[in-house]
>>> print(open('input-v3.txt').read())   # compact mmCIF, C-alpha atoms and all ligand atoms
# COMPACT_ATOMS: atom_id res chain seq x y z
CA MET M 1 103.81 179.88 6.49
CA LYS M 2 104.20 183.54 7.22
CA VAL M 3 107.41 184.87 8.58
CA HIS M 4 106.03 185.92 11.96
CA GLU M 5 104.53 182.45 12.49
CA GLN M 6 107.90 180.83 11.79
CA LEU M 7 109.54 183.11 14.33
CA GLU M 8 106.95 182.20 16.92
CA ILE M 9 107.64 178.46 16.47
CA GLN M 10 111.36 179.04 16.62
CA SER M 11 111.17 181.03 19.83
CA PHE M 12 108.85 178.47 21.37
CA ASP M 13 111.37 175.72 20.57
CA GLN M 14 114.16 177.79 21.96
CA SER M 15 112.52 178.25 25.36
CA GLN M 16 111.56 174.59 25.47
CA ILE M 17 115.14 173.67 24.80
CA THR M 18 116.34 176.04 27.50
CA THR M 19 113.94 174.48 30.01
CA LYS M 20 115.02 170.98 29.03
CA LEU M 21 118.67 171.95 29.23
CA LYS M 22 118.19 173.42 32.69
CA PHE M 23 116.42 170.25 33.75
CA TYR M 24 119.29 168.06 32.51
CA GLN M 25 121.89 170.34 34.07
CA GLU M 26 120.11 170.12 37.39
CA GLU M 27 119.76 166.36 37.02
CA HIS M 28 123.47 166.12 36.20
CA ARG M 29 124.31 168.18 39.29
CA ARG M 30 122.21 165.90 41.49
CA LEU M 31 123.84 162.77 40.15
CA THR M 32 127.25 164.33 40.63
CA VAL M 33 126.32 165.20 44.21
CA LEU M 34 125.18 161.64 44.92
CA PHE M 35 128.24 160.20 43.23
CA ASN M 36 130.59 162.43 45.23
CA ILE M 37 128.89 161.64 48.51
CA THR M 38 129.00 157.92 47.81
CA ARG M 39 132.67 158.10 46.87
CA ASN M 40 133.66 160.26 49.84
CA ILE M 41 131.88 158.27 52.51
CA SER M 42 132.30 154.74 51.18
CA THR M 43 135.78 154.19 52.64
CA GLU M 44 135.26 156.01 55.93
CA LEU M 45 134.57 153.81 58.94
CA LYS M 46 134.99 156.39 61.69
CA ILE M 47 131.59 157.76 62.70
CA ASP M 48 132.94 161.18 63.67
CA LYS M 49 134.65 161.72 60.36
CA LEU M 50 131.69 160.31 58.47
CA LEU M 51 129.38 162.84 60.10
CA LEU M 52 131.69 165.74 59.26
CA ILE M 53 131.96 164.66 55.60
CA LEU M 54 128.18 164.26 55.33
CA MET M 55 127.44 167.64 56.87
CA ASP M 56 129.81 169.29 54.45
CA GLU M 57 128.47 167.49 51.38
CA VAL M 58 124.80 168.08 52.20
CA LYS M 59 125.44 171.75 52.82
CA LYS M 60 127.03 172.06 49.39
CA ALA M 61 124.42 169.91 47.67
CA LEU M 62 121.50 171.94 48.98
CA LYS M 63 123.31 175.26 48.60
CA ALA M 64 122.76 176.08 52.24
CA ASP M 65 124.81 177.67 54.99
CA ARG M 66 124.79 174.87 57.56
CA CYS M 67 123.99 171.22 58.01
CA THR M 68 123.98 169.09 61.14
CA VAL M 69 123.51 165.34 61.13
CA PHE M 70 122.09 163.96 64.37
CA LEU M 71 122.25 160.24 65.08
CA LEU M 72 119.62 158.51 67.14
CA ASN M 73 120.81 156.39 70.05
CA ARG M 74 117.83 154.18 70.82
CA ASP M 75 119.30 152.74 74.03
CA LYS M 76 119.82 156.14 75.61
CA LEU M 77 116.92 157.86 73.81
CA GLU M 78 119.32 160.56 72.70
CA LEU M 79 120.13 162.47 69.56
CA TRP M 80 123.79 163.32 69.25
CA SER M 81 126.16 164.96 66.80
CA LYS M 82 129.61 166.30 66.29
CA VAL M 83 129.57 170.04 65.93
CA ALA M 84 130.92 170.73 62.48
CA HIS M 85 134.63 171.62 62.42
CA GLY M 86 134.83 171.49 66.22
CA GLU M 87 135.67 168.75 68.63
CA ARG M 88 132.59 169.34 70.73
CA GLU M 89 129.76 166.86 70.82
CA ILE M 90 126.09 167.72 71.37
CA ARG M 91 123.57 165.36 72.97
CA PHE M 92 119.95 165.87 73.95
CA PRO M 93 116.86 163.75 74.66
CA SER M 94 115.53 162.36 71.40
CA HIS M 95 112.04 163.87 71.77
CA LEU M 96 113.17 167.50 72.09
CA GLY M 97 113.12 170.27 69.51
CA ILE M 98 112.45 170.09 65.83
CA ALA M 99 115.10 167.39 65.29
CA GLY M 100 113.45 165.38 68.07
CA TYR M 101 110.03 165.82 66.49
CA VAL M 102 111.32 164.56 63.14
CA ALA M 103 113.20 161.66 64.78
CA THR M 104 110.04 160.62 66.63
CA THR M 105 107.40 161.09 63.93
CA GLY M 106 109.42 160.57 60.76
CA ASP M 107 107.75 163.66 59.24
CA VAL M 108 109.73 166.03 57.05
CA LEU M 109 109.70 169.58 58.34
CA ASN M 110 110.36 172.28 55.79
CA ILE M 111 110.11 175.61 57.58
CA PRO M 112 110.44 178.63 55.25
CA ASP M 113 110.41 181.23 58.04
CA ALA M 114 111.82 179.94 61.31
CA TYR M 115 110.82 182.93 63.45
CA ALA M 116 107.21 182.69 62.27
CA ASP M 117 107.00 179.05 63.31
CA PRO M 118 106.07 178.27 66.95
CA ARG M 119 108.02 174.99 66.89
CA PHE M 120 111.29 176.82 66.39
CA ASN M 121 113.30 177.40 69.57
CA ARG M 122 114.80 180.89 69.37
CA GLU M 123 116.91 180.25 72.46
CA ILE M 124 119.44 178.26 70.42
CA ASP M 125 120.01 181.22 68.08
CA LYS M 126 120.27 183.51 71.12
CA LYS M 127 122.95 181.30 72.65
CA THR M 128 124.98 180.77 69.49
CA GLY M 129 124.53 184.19 67.92
CA TYR M 130 123.40 182.55 64.68
CA HIS M 131 120.34 183.77 62.80
CA THR M 132 118.18 180.97 61.41
CA LYS M 133 116.06 182.04 58.46
CA ASN M 134 114.74 178.80 57.03
CA MET M 135 115.34 175.14 57.76
CA LEU M 136 114.76 171.69 56.37
CA THR M 137 114.72 168.82 58.85
CA PHE M 138 114.63 165.37 57.35
CA PRO M 139 114.64 161.86 58.84
CA MET M 140 117.48 159.52 57.91
CA ARG M 141 116.15 156.02 57.37
CA ASN M 142 117.97 152.74 56.83
CA LYS M 143 116.94 150.10 54.28
CA LEU M 144 114.39 148.67 56.70
CA GLY M 145 112.79 152.09 56.99
CA ASP M 146 113.86 152.61 60.60
CA ILE M 147 114.85 156.15 61.52
CA ILE M 148 118.52 156.20 62.52
CA GLY M 149 119.07 159.95 62.56
CA VAL M 150 118.07 163.39 61.32
CA PHE M 151 119.47 165.89 58.84
CA GLN M 152 118.98 169.51 59.74
CA VAL M 153 119.88 171.97 57.01
CA LEU M 154 119.78 175.70 57.72
CA ASN M 155 119.59 178.88 55.65
CA LYS M 156 119.37 178.14 51.96
CA TYR M 157 121.34 180.81 50.11
CA GLU M 158 118.52 181.67 47.69
CA GLY M 159 114.84 181.35 48.62
CA SER M 160 113.60 178.51 50.79
CA PHE M 161 114.09 174.76 50.57
CA THR M 162 112.13 173.17 47.73
CA HIS M 163 110.51 169.84 47.09
CA ASP M 164 113.50 168.99 44.89
CA ASP M 165 115.80 169.58 47.87
CA GLU M 166 113.71 167.14 49.87
CA GLN M 167 114.00 164.53 47.14
CA LEU M 168 117.75 164.96 46.91
CA LEU M 169 118.07 164.65 50.68
CA ASP M 170 115.94 161.51 50.55
CA ALA M 171 118.46 159.89 48.17
CA ILE M 172 121.42 161.07 50.28
CA SER M 173 119.70 159.69 53.37
CA VAL M 174 119.58 156.14 51.97
CA ILE M 175 123.24 156.17 50.93
CA SER M 176 124.48 157.63 54.20
CA ALA M 177 122.33 155.44 56.46
CA THR M 178 123.96 152.32 55.02
CA GLN M 179 127.47 153.64 55.55
CA ILE M 180 126.71 154.97 59.03
CA GLU M 181 125.31 151.59 60.07
CA ASN M 182 128.42 149.88 58.68
CA ALA M 183 130.62 152.25 60.65
CA GLN M 184 128.56 151.74 63.81
CA LEU M 185 128.87 147.99 63.47
CA TYR M 186 132.61 148.28 62.86
CA GLU M 187 133.09 150.49 65.91
CA GLU M 188 131.04 148.19 68.10
CA GLN M 189 133.07 145.19 67.02
CA LYS M 190 136.32 147.08 67.44
CA THR M 191 135.32 148.08 70.98
CA THR M 192 134.49 144.49 71.83
CA PHE M 193 137.76 143.29 70.28
CA ASP M 194 139.79 146.00 72.07
CA SER M 195 138.31 145.27 75.48
CA PHE M 196 138.82 141.56 74.91
CA ILE M 197 142.53 142.00 74.09
CA GLU M 198 143.01 144.44 77.00
CA THR M 199 141.44 141.91 79.34
CA LEU M 200 143.77 139.18 78.09
CA ALA M 201 146.72 141.51 78.68
CA SER M 202 145.51 142.28 82.20
CA THR M 203 145.18 138.60 83.07
CA ILE M 204 148.85 138.10 82.21
CA ASP M 205 149.99 141.19 84.10
CA ALA M 206 147.96 140.02 87.09
CA ARG M 207 149.79 136.68 87.31
CA ASP M 208 153.02 138.38 88.22
CA PRO M 209 152.67 141.38 90.53
CA LEU M 210 156.27 142.36 89.79
CA THR M 211 155.35 143.12 86.21
CA ALA M 212 151.97 144.75 86.85
CA GLY M 213 151.00 147.01 83.97
CA HIS M 214 153.89 145.76 81.81
CA SER M 215 151.76 144.75 78.81
CA HIS M 216 149.95 148.07 78.72
CA ARG M 217 153.13 150.10 79.07
CA ILE M 218 155.01 148.17 76.39
CA ALA M 219 152.06 148.84 74.05
CA LEU M 220 152.41 152.56 74.74
CA TYR M 221 156.22 152.60 74.34
CA ALA M 222 156.05 150.56 71.15
CA ASP M 223 153.42 152.85 69.67
CA ALA M 224 155.42 155.95 70.59
CA ILE M 225 158.58 154.52 68.97
CA ALA M 226 156.58 153.50 65.89
CA GLU M 227 155.21 157.03 65.60
CA VAL M 228 158.72 158.49 65.65
CA MET M 229 159.64 155.98 62.93
CA ASN M 230 156.67 157.15 60.82
CA MET M 231 154.97 153.78 60.80
CA SER M 232 151.51 153.83 59.19
CA PRO M 233 148.46 153.99 61.48
CA ARG M 234 147.38 150.50 60.31
CA LYS M 235 150.71 148.95 61.21
CA ARG M 236 150.74 150.79 64.52
CA ASP M 237 147.34 149.32 65.29
CA VAL M 238 148.66 145.80 64.67
CA LEU M 239 151.79 146.53 66.72
CA ARG M 240 149.66 147.74 69.64
CA TYR M 241 147.74 144.44 69.77
CA ALA M 242 150.94 142.42 69.41
CA ALA M 243 152.47 144.42 72.28
CA LEU M 244 149.47 143.88 74.54
CA LEU M 245 149.69 140.15 73.91
CA HIS M 246 153.47 139.66 73.63
CA ASP M 247 153.88 137.85 76.97
CA TYR M 248 150.59 135.99 76.77
CA GLY M 249 152.51 132.70 76.54
CA LYS M 250 153.46 133.18 80.19
CA ILE M 251 150.06 131.66 80.88
CA ALA M 252 151.74 128.33 80.12
CA ILE M 253 154.66 128.89 82.51
CA ARG M 254 154.50 127.33 85.96
CA GLU M 255 153.48 129.87 88.59
CA ALA M 256 156.31 128.86 90.95
CA VAL M 257 158.89 129.57 88.25
CA LEU M 258 157.26 132.77 87.08
CA THR M 259 157.16 134.32 90.55
CA LYS M 260 160.31 132.76 92.00
CA ASN M 261 162.35 135.27 93.97
CA GLY M 262 165.75 133.59 94.08
CA ARG M 263 168.04 132.37 91.33
CA LEU M 264 166.47 130.22 88.62
CA THR M 265 167.86 126.76 87.89
CA VAL M 266 168.94 125.99 84.33
CA GLU M 267 165.72 124.03 83.80
CA GLU M 268 163.58 126.86 85.20
CA TYR M 269 165.30 129.43 83.05
CA ALA M 270 164.75 127.30 79.95
CA HIS M 271 161.10 126.92 80.93
CA ILE M 272 160.61 130.71 81.17
CA GLN M 273 162.27 131.11 77.80
CA GLU M 274 159.52 129.02 76.27
CA HIS M 275 156.98 131.82 76.75
CA PRO M 276 157.35 133.61 73.37
CA ALA M 277 156.88 130.32 71.52
CA TYR M 278 153.73 129.75 73.58
CA THR M 279 152.60 133.28 72.78
CA LYS M 280 152.92 132.55 69.08
CA SER M 281 151.21 129.17 69.15
CA ILE M 282 148.33 130.39 71.33
CA LEU M 283 147.74 133.49 69.22
CA GLU M 284 147.88 131.43 66.03
CA ARG M 285 144.69 129.77 67.17
CA ILE M 286 142.83 133.09 67.08
CA ASN M 287 141.16 133.70 63.75
CA PHE M 288 142.81 137.04 62.92
CA HIS M 289 141.97 138.71 59.61
CA GLY M 290 143.86 140.92 57.18
CA ASP M 291 146.77 142.84 58.67
CA TYR M 292 146.06 141.31 62.07
CA ARG M 293 147.24 137.94 60.81
CA SER M 294 150.83 139.00 61.52
CA ILE M 295 150.14 139.49 65.25
CA PRO M 296 151.26 135.98 66.37
CA VAL M 297 154.59 136.22 64.50
CA ILE M 298 155.29 139.78 65.70
CA ALA M 299 154.41 138.98 69.30
CA GLY M 300 156.30 135.68 69.26
CA ALA M 301 159.55 137.32 68.12
CA HIS M 302 159.98 139.90 70.91
CA HIS M 303 162.98 138.07 72.44
CA GLU M 304 164.82 137.65 69.15
CA LYS M 305 168.10 139.56 68.84
CA ILE M 306 169.63 141.28 65.81
CA ASP M 307 172.79 139.14 66.03
CA GLY M 308 170.79 135.90 66.02
CA THR M 309 171.43 134.95 69.65
CA GLY M 310 167.83 135.51 70.76
CA TYR M 311 165.01 132.98 71.16
CA PRO M 312 162.95 131.00 70.26
CA GLU M 313 164.09 130.88 66.62
CA GLY M 314 167.41 132.71 66.61
CA MET M 315 166.28 134.97 63.78
CA LYS M 316 168.81 137.54 62.56
CA GLY M 317 168.60 141.21 61.51
CA GLU M 318 165.75 141.92 59.18
CA GLU M 319 164.42 138.38 59.47
CA ILE M 320 162.93 139.74 62.66
CA PRO M 321 159.85 141.81 61.83
CA LEU M 322 160.43 145.54 62.42
CA GLU M 323 157.49 145.52 64.84
CA SER M 324 159.23 142.85 66.96
CA ARG M 325 162.47 144.83 66.94
CA ILE M 326 160.50 147.79 68.32
CA LEU M 327 158.94 145.51 70.94
CA ALA M 328 162.39 144.36 72.03
CA VAL M 329 163.49 147.90 72.88
CA ALA M 330 160.19 148.72 74.59
CA ASP M 331 160.23 145.45 76.54
CA VAL M 332 163.75 145.85 77.93
CA PHE M 333 163.29 149.55 78.69
CA ASP M 334 160.14 148.77 80.66
CA ALA M 335 161.74 145.87 82.51
CA LEU M 336 164.72 148.03 83.53
CA THR M 337 162.61 151.00 84.62
CA SER M 338 159.87 149.08 86.43
CA VAL M 339 159.71 149.71 90.11
CA ARG M 340 160.21 146.36 91.75
CA HIS M 341 159.51 145.63 95.41
CA TYR M 342 161.37 148.06 97.70
CA ARG M 343 163.69 148.99 94.89
CA ASP M 344 164.14 152.27 93.15
CA ARG M 345 164.25 152.57 89.43
CA MET M 346 167.60 151.80 87.87
CA ASP M 347 169.62 154.95 87.25
CA PHE M 348 168.35 156.46 84.00
CA GLU M 349 171.84 156.87 82.48
CA ARG M 350 172.54 153.22 83.18
CA VAL M 351 169.31 152.15 81.45
CA LEU M 352 170.19 154.18 78.39
CA SER M 353 173.77 152.92 78.36
CA ILE M 354 172.42 149.35 78.26
CA LEU M 355 170.27 150.23 75.23
CA ASP M 356 173.31 151.86 73.60
CA ARG M 357 175.67 149.02 74.46
CA ASP M 358 173.31 146.42 72.97
CA ALA M 359 172.29 148.41 69.90
CA GLY M 360 173.48 146.42 66.89
CA THR M 361 173.73 143.12 68.81
CA HIS M 362 170.47 142.76 70.73
CA PHE M 363 168.57 145.78 69.43
CA ASP M 364 168.03 147.36 66.05
CA THR M 365 170.03 150.63 66.19
CA ASP M 366 167.25 152.53 64.36
CA CYS M 367 164.77 151.52 67.03
CA VAL M 368 167.09 152.63 69.83
CA ASN M 369 167.65 155.94 68.05
CA ALA M 370 163.89 156.37 67.62
CA PHE M 371 163.47 155.69 71.33
CA LYS M 372 165.88 158.53 72.09
CA LYS M 373 163.65 160.85 70.10
CA LEU M 374 160.64 160.24 72.34
CA LYS M 375 159.30 163.46 73.79
CA LEU M 376 159.60 163.70 77.56
CA ASP M 377 155.92 164.29 78.23
CA VAL M 378 155.15 161.06 76.38
CA LEU M 379 157.89 159.19 78.25
CA ILE M 380 156.81 160.42 81.70
CA LYS M 381 153.17 159.60 80.98
CA ILE M 382 154.11 155.99 80.19
CA LEU M 383 156.62 155.59 83.02
CA GLU M 384 153.99 156.78 85.48
CA TYR M 385 151.05 155.22 83.63
CA ASP M 386 149.53 153.66 86.75
CA VAL M 387 149.35 157.04 88.52
CA HIS M 388 148.86 159.24 85.45
CA GLN M 389 146.11 161.23 87.16
CA LEU M 390 148.73 162.62 89.57
CA LEU M 391 150.92 164.14 86.85
CA ASP M 392 150.97 167.90 86.60
CA PRO M 393 149.80 168.92 83.09
CA LYS M 394 151.73 172.19 83.31
CA GLU M 395 155.00 170.37 83.92
CA LEU M 396 154.29 167.89 81.13
CA LYS M 397 153.77 170.81 78.78
CA GLN M 398 157.08 172.34 79.90
CA VAL M 399 159.03 169.23 78.90
CA ALA M 400 156.99 168.42 75.76
CA ASN M 401 159.49 170.02 73.40
CA TYR M 402 162.44 168.00 74.68
CA ASN M 403 163.34 164.44 73.84
CA VAL M 404 165.32 161.73 75.63
CA ARG M 405 168.60 162.67 73.94
CA GLN M 406 168.25 166.31 75.01
CA LEU M 407 167.34 165.18 78.51
CA LEU M 408 170.55 163.18 78.74
CA GLN M 409 172.54 166.23 77.62
CA ALA M 410 170.77 168.42 80.16
CA ARG M 411 171.39 165.92 82.96
CA ALA M 412 175.06 165.62 82.01
CA SER M 413 175.65 169.35 81.77
CA GLU M 414 177.88 170.61 84.63
CA GLU M 415 176.52 174.12 84.59
CA LYS M 416 172.88 173.81 83.60
CA ASN M 417 171.18 176.79 82.03
CA GLY M 418 167.64 177.69 83.15
CA GLU M 419 165.83 175.44 80.72
CA GLU M 420 168.16 172.48 81.24
CA LYS M 421 167.58 172.73 84.95
CA ILE M 422 163.81 172.85 84.56
CA ILE M 423 163.55 169.77 82.35
CA ALA M 424 166.11 167.84 84.41
CA ASP M 425 164.24 168.64 87.64
CA ILE M 426 160.81 167.77 86.29
CA PHE M 427 162.08 164.47 84.92
CA GLU M 428 163.89 163.63 88.14
CA LYS M 429 160.78 164.33 90.19
CA TYR M 430 158.71 161.80 88.26
CA TYR M 431 161.40 159.24 87.41
CA ASN M 432 162.46 158.88 91.01
CA LYS M 433 158.95 159.44 92.32
CA LYS M 434 159.80 162.47 94.39
CA TYR M 435 156.18 163.45 94.66
CA SER M 436 153.32 162.28 96.83
CA HIS M 437 151.08 159.44 95.71
FE FE M 501 158.70 138.29 77.08
FE FE M 502 157.62 141.47 78.17
>>> encode(input="input-v3.txt", output="structure tokens")
Amino acid sequence: MKVHEQLEIQSFDQSQITTKLKFYQEEHRRLTVLFNITRNISTELKIDKLLLILMDEVKKALKADRCTVFLLNRDKLELWSKVAHGEREIRFPSHLGIAGYVATTGDVLNIPDAYADPRFNREIDKKTGYHTKNMLTFPMRNKLGDIIGVFQVLNKYEGSFTHDDEQLLDAISVISATQIENAQLYEEQKTTFDSFIETLASTIDARDPLTAGHSHRIALYADAIAEVMNMSPRKRDVLRYAALLHDYGKIAIREAVLTKNGRLTVEEYAHIQEHPAYTKSILERINFHGDYRSIPVIAGAHHEKIDGTGYPEGMKGEEIPLESRILAVADVFDALTSVRHYRDRMDFERVLSILDRDAGTHFDTDCVNAFKKLKLDVLIKILEYDVHQLLDPKELKQVANYNVRQLLQARASEEKNGEEKIIADIFEKYYNKKYSH
């Protein structure tokens, strides 16, 4: 073989190898993309977050400037999405625009020059100030082949969208559709569960008009205290349900005893004290799963006291779940600050002195201290929960940087400075309902 022939073969091999290498590199990149997307979305069950992750990943995977994922709501015949990195939501009828066309027909639309295509609506660019050059709009299908949404990817950095891009998006579509449907199912069930628990709480509050709204308020106080104590979101979720249901056992208490105005007899008092045990035994019959399994115990222990003199079990100190110790503070604070018939709220200093006096005997001192760190806007919103639409947002903002402890100092100060006077006045106005409603 002559030298020049050998060279030709060598160079041919070289270019073949380069092509192959490029192919494998690209293949590797695609697999990495799919792997990353799968990993990043597989644990996310919040639709909003899921959409944001997907938009970000698809944008990177297709080397494009923007991606929007629209979901199809078949009941309302709407396409909707979260605007990437913003809180705003967009919704429009599911037959409109290019996304609507793709959602309706299931066709893939790869438009290399948006402004040369009559289907493109220039008005959107005009409104947003964005300039769309090219776009790939792709249906998202579930395993059954039903369209559940649409991907719209805009402005590829180099050239226009290719057939390979379409194939990659097809694979992403299958993975994401499954997770989105899981998340939708989870959210639906959670909404049903939430409304069910809220309804149970309302039925209990409705039995005794003197404690109207008590279950909802104690849930809010308990959650606010838990937040100050840095409790994890999962535990706070459990605590919220336990709070909503803590007095559910009152369903088993005789109406005449529950709503009696005068002094209770010894027997009647003992009967009322049975309610947390009823709460526990009733809730134990609900088939709670995972973390929620602790709800009956937490709810049933809200009248236990740190020194062991509480009921029904007389648990002591840390035998009482932390969540129940939080409930105890929230429960008593709400009872003392509820507006009963023709009665004003108990003097705020007196309420706080009761919490202080009983910290270490009835209450867990850490929980009382956490309560005193509640911000005043949060506190006022819960105190006046039933008329929250009448609160002045400007005033709430003014007191948002102050907590209960600072409020007490301001109220006690003989010569209040400007700020002390403002927060003391705003609190006084709402606490003692010196405003029209
Ligand atoms: Fe109770
Ligand atoms: Fe209660």
>>> closest_residue(input="input-v3.txt", among="M:Leu71, M:Ala201, M:Val332, M:Ile90", to="ligand FE 502 (chain M)", atoms="all atoms listed in the file")
M:Val332
>>> residues_around(input="input-v3.txt", residues="region 368-380 of chain M", least_positions_apart="2", cutoff="9 Å", atoms="all atoms listed in the file", output="CSV table (one decimal) with C-alpha atoms, in the frame of the given file")
chain,number,residue,atom,x,y,z
M,221,TYR,CA,156.2,152.6,74.3
M,224,ALA,CA,155.4,156.0,70.6
M,225,ILE,CA,158.6,154.5,69.0
M,226,ALA,CA,156.6,153.5,65.9
M,227,GLU,CA,155.2,157.0,65.6
M,228,VAL,CA,158.7,158.5,65.6
M,229,MET,CA,159.6,156.0,62.9
M,326,ILE,CA,160.5,147.8,68.3
M,329,VAL,CA,163.5,147.9,72.9
M,330,ALA,CA,160.2,148.7,74.6
M,352,LEU,CA,170.2,154.2,78.4
M,355,LEU,CA,170.3,150.2,75.2
M,356,ASP,CA,173.3,151.9,73.6
M,359,ALA,CA,172.3,148.4,69.9
M,363,PHE,CA,168.6,145.8,69.4
M,364,ASP,CA,168.0,147.4,66.0
M,365,THR,CA,170.0,150.6,66.2
M,366,ASP,CA,167.2,152.5,64.4
M,382,ILE,CA,154.1,156.0,80.2
M,383,LEU,CA,156.6,155.6,83.0
M,384,GLU,CA,154.0,156.8,85.5
M,385,TYR,CA,151.0,155.2,83.6
M,388,HIS,CA,148.9,159.2,85.4
M,391,LEU,CA,150.9,164.1,86.8
M,395,GLU,CA,155.0,170.4,83.9
M,396,LEU,CA,154.3,167.9,81.1
M,397,LYS,CA,153.8,170.8,78.8
M,398,GLN,CA,157.1,172.3,79.9
M,399,VAL,CA,159.0,169.2,78.9
M,400,ALA,CA,157.0,168.4,75.8
M,401,ASN,CA,159.5,170.0,73.4
M,402,TYR,CA,162.4,168.0,74.7
M,403,ASN,CA,163.3,164.4,73.8
M,404,VAL,CA,165.3,161.7,75.6
M,405,ARG,CA,168.6,162.7,73.9
M,406,GLN,CA,168.2,166.3,75.0
M,407,LEU,CA,167.3,165.2,78.5
M,423,ILE,CA,163.6,169.8,82.4
M,427,PHE,CA,162.1,164.5,84.9
M,430,TYR,CA,158.7,161.8,88.3
M,431,TYR,CA,161.4,159.2,87.4
>>> residues_near_point(input="input-v3.txt", point="(119.1, 169.9, 59.5)", cutoff="12 Å", atoms="all atoms listed in the file", output="NGL selection string")
:M and (54-56 or 58-59 or 62 or 64-71 or 81 or 97-100 or 102-103 or 108-111 or 132 or 134-140 or 149-156 or 161 or 166 or 169 or 173)
>>> residues_near_ligand(input="input-v3.txt", ligand="ligand FE 501 (chain M)", cutoff="12 Å", atoms="only C-alpha atoms and all ligand atoms", output="CSV table (one decimal) with C-alpha atoms, in the frame of the given file")
chain,number,residue,atom,x,y,z
M,204,ILE,CA,148.8,138.1,82.2
M,205,ASP,CA,150.0,141.2,84.1
M,211,THR,CA,155.4,143.1,86.2
M,214,HIS,CA,153.9,145.8,81.8
M,215,SER,CA,151.8,144.8,78.8
M,218,ILE,CA,155.0,148.2,76.4
M,242,ALA,CA,150.9,142.4,69.4
M,243,ALA,CA,152.5,144.4,72.3
M,244,LEU,CA,149.5,143.9,74.5
M,245,LEU,CA,149.7,140.2,73.9
M,246,HIS,CA,153.5,139.7,73.6
M,247,ASP,CA,153.9,137.8,77.0
M,248,TYR,CA,150.6,136.0,76.8
M,249,GLY,CA,152.5,132.7,76.5
M,250,LYS,CA,153.5,133.2,80.2
M,251,ILE,CA,150.1,131.7,80.9
M,253,ILE,CA,154.7,128.9,82.5
M,258,LEU,CA,157.3,132.8,87.1
M,272,ILE,CA,160.6,130.7,81.2
M,273,GLN,CA,162.3,131.1,77.8
M,274,GLU,CA,159.5,129.0,76.3
M,275,HIS,CA,157.0,131.8,76.8
M,276,PRO,CA,157.4,133.6,73.4
M,277,ALA,CA,156.9,130.3,71.5
M,278,TYR,CA,153.7,129.8,73.6
M,279,THR,CA,152.6,133.3,72.8
M,280,LYS,CA,152.9,132.6,69.1
M,298,ILE,CA,155.3,139.8,65.7
M,299,ALA,CA,154.4,139.0,69.3
M,300,GLY,CA,156.3,135.7,69.3
M,301,ALA,CA,159.6,137.3,68.1
M,302,HIS,CA,160.0,139.9,70.9
M,303,HIS,CA,163.0,138.1,72.4
M,304,GLU,CA,164.8,137.6,69.2
M,310,GLY,CA,167.8,135.5,70.8
M,311,TYR,CA,165.0,133.0,71.2
M,312,PRO,CA,163.0,131.0,70.3
M,324,SER,CA,159.2,142.8,67.0
M,327,LEU,CA,158.9,145.5,70.9
M,328,ALA,CA,162.4,144.4,72.0
M,329,VAL,CA,163.5,147.9,72.9
M,330,ALA,CA,160.2,148.7,74.6
M,331,ASP,CA,160.2,145.4,76.5
M,332,VAL,CA,163.8,145.8,77.9
M,334,ASP,CA,160.1,148.8,80.7
M,335,ALA,CA,161.7,145.9,82.5
>>> closest_residue(input="input-v3.txt", among="M:Thr259, M:Lys305, M:Thr361, M:Arg217", to="ligand FE 502 (chain M)", atoms="only C-alpha atoms and all ligand atoms")
M:Arg217
>>> atom_distance(input="input-v3.txt", atom1="CA of Leu79 (chain M)", atom2="CA of Arg30 (chain M)")
28.4 Å
>>> closest_residue(input="input-v3.txt", among="M:Arg141, M:Lys22, M:Ala222, M:Glu78", to="ligand FE 502 (chain M)", atoms="only C-alpha atoms and all ligand atoms")
M:Ala222
